[in-house]
Amino acid sequence: MKKKYLTYAGIVSALLLVAIFIGICTSSYPFPFVPVATTIDPITEATVDQNNMMILTGTTSLPEDTQLGVLVSASTASSRENNTGELAVKTDAAITARDGGRNRWRSVFGISTLQPGDYQVSLVTFTVDKNYTWIPSDPIATAYFTLGDGQAGTGTIHKKVPAAPRFIRINPVPSGQMQDNLTVSGITSLASGTPLAWSVYSLANGTPDSTTAYNGTTPVTEGTEGVNRWDIQPGDGMIPPGRYGIQVTGNPDVNTSPAGALSASAEFDISSNTTGARASPGFVTIDALPDITVNNITIITGTTSLPAGGGLQVEVYPESFETGYSFSTDARETDMNRSLSGAAVFAGATGGVSVMKGSGKYNLWSFRLETYKFSPGQYQINVSNNDYDPAKHAVIYGNLSSSKIVSIRSDAP
């Protein structure tokens, strides 16, 4: 009997092992007998991009809808022993499903404000309570990195000096602009006070005439967030109706002549004066945009008639969002800016910005757009003086707005 008993036990054990093996091979999620495993990829100099954004990645057997977070804190020996490590970063992470249950996760955060030192990265799961407060789990994975100063050697992470873009951009002239209030404006990376040379010429069959109709120079004026401004009023209301082209040139070295290191051109139409009603004096505008790619940072700027110190709401969302997807501002119902409505998944950005004092007849605003969670596609940028009542979870609509459609491209070469 004892021999038969052992034989039966061996058969049962073999069958059980076969079942576990088949389950592991065929299941898209971790098999119940396999413990949850999460890893953090090595943190190296290449982990920090040109914008001083740290891009952390790793693997996990957690399902795609898990709320995953990243906590970064000082990790010196004394702070760990005294449990006084100050939390430097708290952000979320996105999980992307992969075959076999070995999913990938990704998180992005800035290190520009971090001081040199040793840091601990803790990956946690979390829930959000009714007061919108994170309730994190114990760390499911940890890693360490050292942020060095300029003298630090190999094995440390260094902050990078972002390359400053050089540009002149011309803002679109509204269609049907009148003779007596024609103003052409734009933005530039050139320093305040730099002279810009401009010329306006009539277009015939889409080509410039041989003779420039109007020309002159204008100084660059102070802007915001490193984006300065310029304005011209060609012809002082004497330009005949028609279609025109404009070219603006400038040189970073104001002592170099002739100007011409940077250049931009555009076309616009002029209508004759009419006695019709003028538009409301209130306005908000969006400046000309550069090429925008995913995994990057772009400063979006504009002007407004609103007084300095006031606020504007900036929203960036997929153009298809206009077709009826529902949007929630409740942190407990969203994860990584994803819509949970049906199979729709989108990334977007929203935030309030302050109106800054301008040097001309208008005031300024700027918005830092981070596209690390975006997918390539068509997006709408909307700027308004709408407000939000958090107690009622309701939008308080204003009376000024401006929108633009922009294509956000892949960052692949």
# chains A, B, ... in the order shown; residues from 1 in each chain; ligands from 1

call {"tool": "residues_around", "arguments": {"residues": "A:Ile170", "least_positions_apart": "2", "cutoff": "12 Å", "atoms": "only C-alpha atoms", "output": "number ranges by chain"}}
result
A: 167-168, 172-173, 183-188, 198, 229-232, 245-249, 263-268, 286-290

call {"tool": "residues_around", "arguments": {"residues": "A:Ser354", "least_positions_apart": "6", "cutoff": "10 Å", "atoms": "only C-alpha atoms", "output": "PyMOL selection string"}}
result
chain A and resi 307-313+364-367

call {"tool": "write_last_selection", "arguments": {"atoms": "C-alpha atoms", "output": "PDB file, in the first residue's frame"}}
result
ATOM      1  CA  PRO A 307      -5.157  92.819 -16.606  1.00  0.00           C
ATOM      2  CA  ALA A 308      -1.883  91.538 -15.192  1.00  0.00           C
ATOM      3  CA  GLY A 309      -2.411  89.242 -12.228  1.00  0.00           C
ATOM      4  CA  GLY A 310      -5.520  87.681 -13.716  1.00  0.00           C
ATOM      5  CA  GLY A 311      -5.761  84.063 -14.790  1.00  0.00           C
ATOM      6  CA  LEU A 312      -6.310  82.022 -17.942  1.00  0.00           C
ATOM      7  CA  GLN A 313      -7.119  78.351 -18.447  1.00  0.00           C
ATOM      8  CA  LEU A 364       1.264  88.271 -21.813  1.00  0.00           C
ATOM      9  CA  TRP A 365       0.761  84.648 -20.812  1.00  0.00           C
ATOM     10  CA  SER A 366       2.852  81.486 -21.207  1.00  0.00           C
ATOM     11  CA  PHE A 367       2.283  77.756 -20.737  1.00  0.00           C
TER      12      PHE A 367
END

call {"tool": "atom_distance", "arguments": {"atom1": "atom CA of A:Tyr379", "atom2": "atom CA of A:Ile408"}}
result
7.0 Å

call {"tool": "residues_around", "arguments": {"residues": "stretch 213-219 of chain A", "least_positions_apart": "4", "cutoff": "6 Å", "atoms": "only C-alpha atoms", "output": "ChimeraX atom specification"}}
result
/A:193-201

call {"tool": "atom_distance", "arguments": {"atom1": "atom CA of A:Ala164", "atom2": "atom CA of A:Gly226"}}
result
9.1 Å

call {"tool": "closest_residue", "arguments": {"among": "A:Ile396, A:Ala97, A:Ile111, A:Met356", "to": "A:Gly148", "atoms": "only C-alpha atoms"}}
result
A:Ile111

call {"tool": "closest_residue", "arguments": {"among": "A:Val220, A:Ile55, A:Ile405, A:Leu369", "to": "A:Asn296", "atoms": "only C-alpha atoms"}}
result
A:Leu369

call {"tool": "select_by_dssp", "arguments": {"residues": "stretch 41-176 of chain A", "states": "helix (DSSP H, G or I)", "output": "VMD selection string"}}
result
chain A and resid 45 to 47 77 to 81 99 to 101

call {"tool": "write_last_selection", "arguments": {"atoms": "C-alpha atoms", "output": "short mmCIF file (atom, residue, chain, number, x, y, z; two decimals), in the first residue's frame"}}
result
data_model
loop_
_atom_site.label_atom_id
_atom_site.label_comp_id
_atom_site.auth_asym_id
_atom_site.auth_seq_id
_atom_site.Cartn_x
_atom_site.Cartn_y
_atom_site.Cartn_z
CA GLU A 45 23.38 59.45 -17.57
CA ALA A 46 21.22 58.49 -20.58
CA THR A 47 18.15 58.38 -18.31
CA ALA A 77 22.61 57.33 5.52
CA SER A 78 21.64 59.83 8.24
CA SER A 79 18.32 60.72 6.66
CA ARG A 80 17.40 57.05 6.24
CA GLU A 81 18.30 56.20 9.85
CA ASP A 99 2.59 39.56 -23.99
CA GLY A 100 3.24 37.01 -21.27
CA GLY A 101 2.31 39.31 -18.40
#

call {"tool": "residues_around", "arguments": {"residues": "A:Tyr144", "least_positions_apart": "3", "cutoff": "7 Å", "atoms": "only C-alpha atoms", "output": "JSON, numbers by chain"}}
result
{"A": [119, 120, 121]}
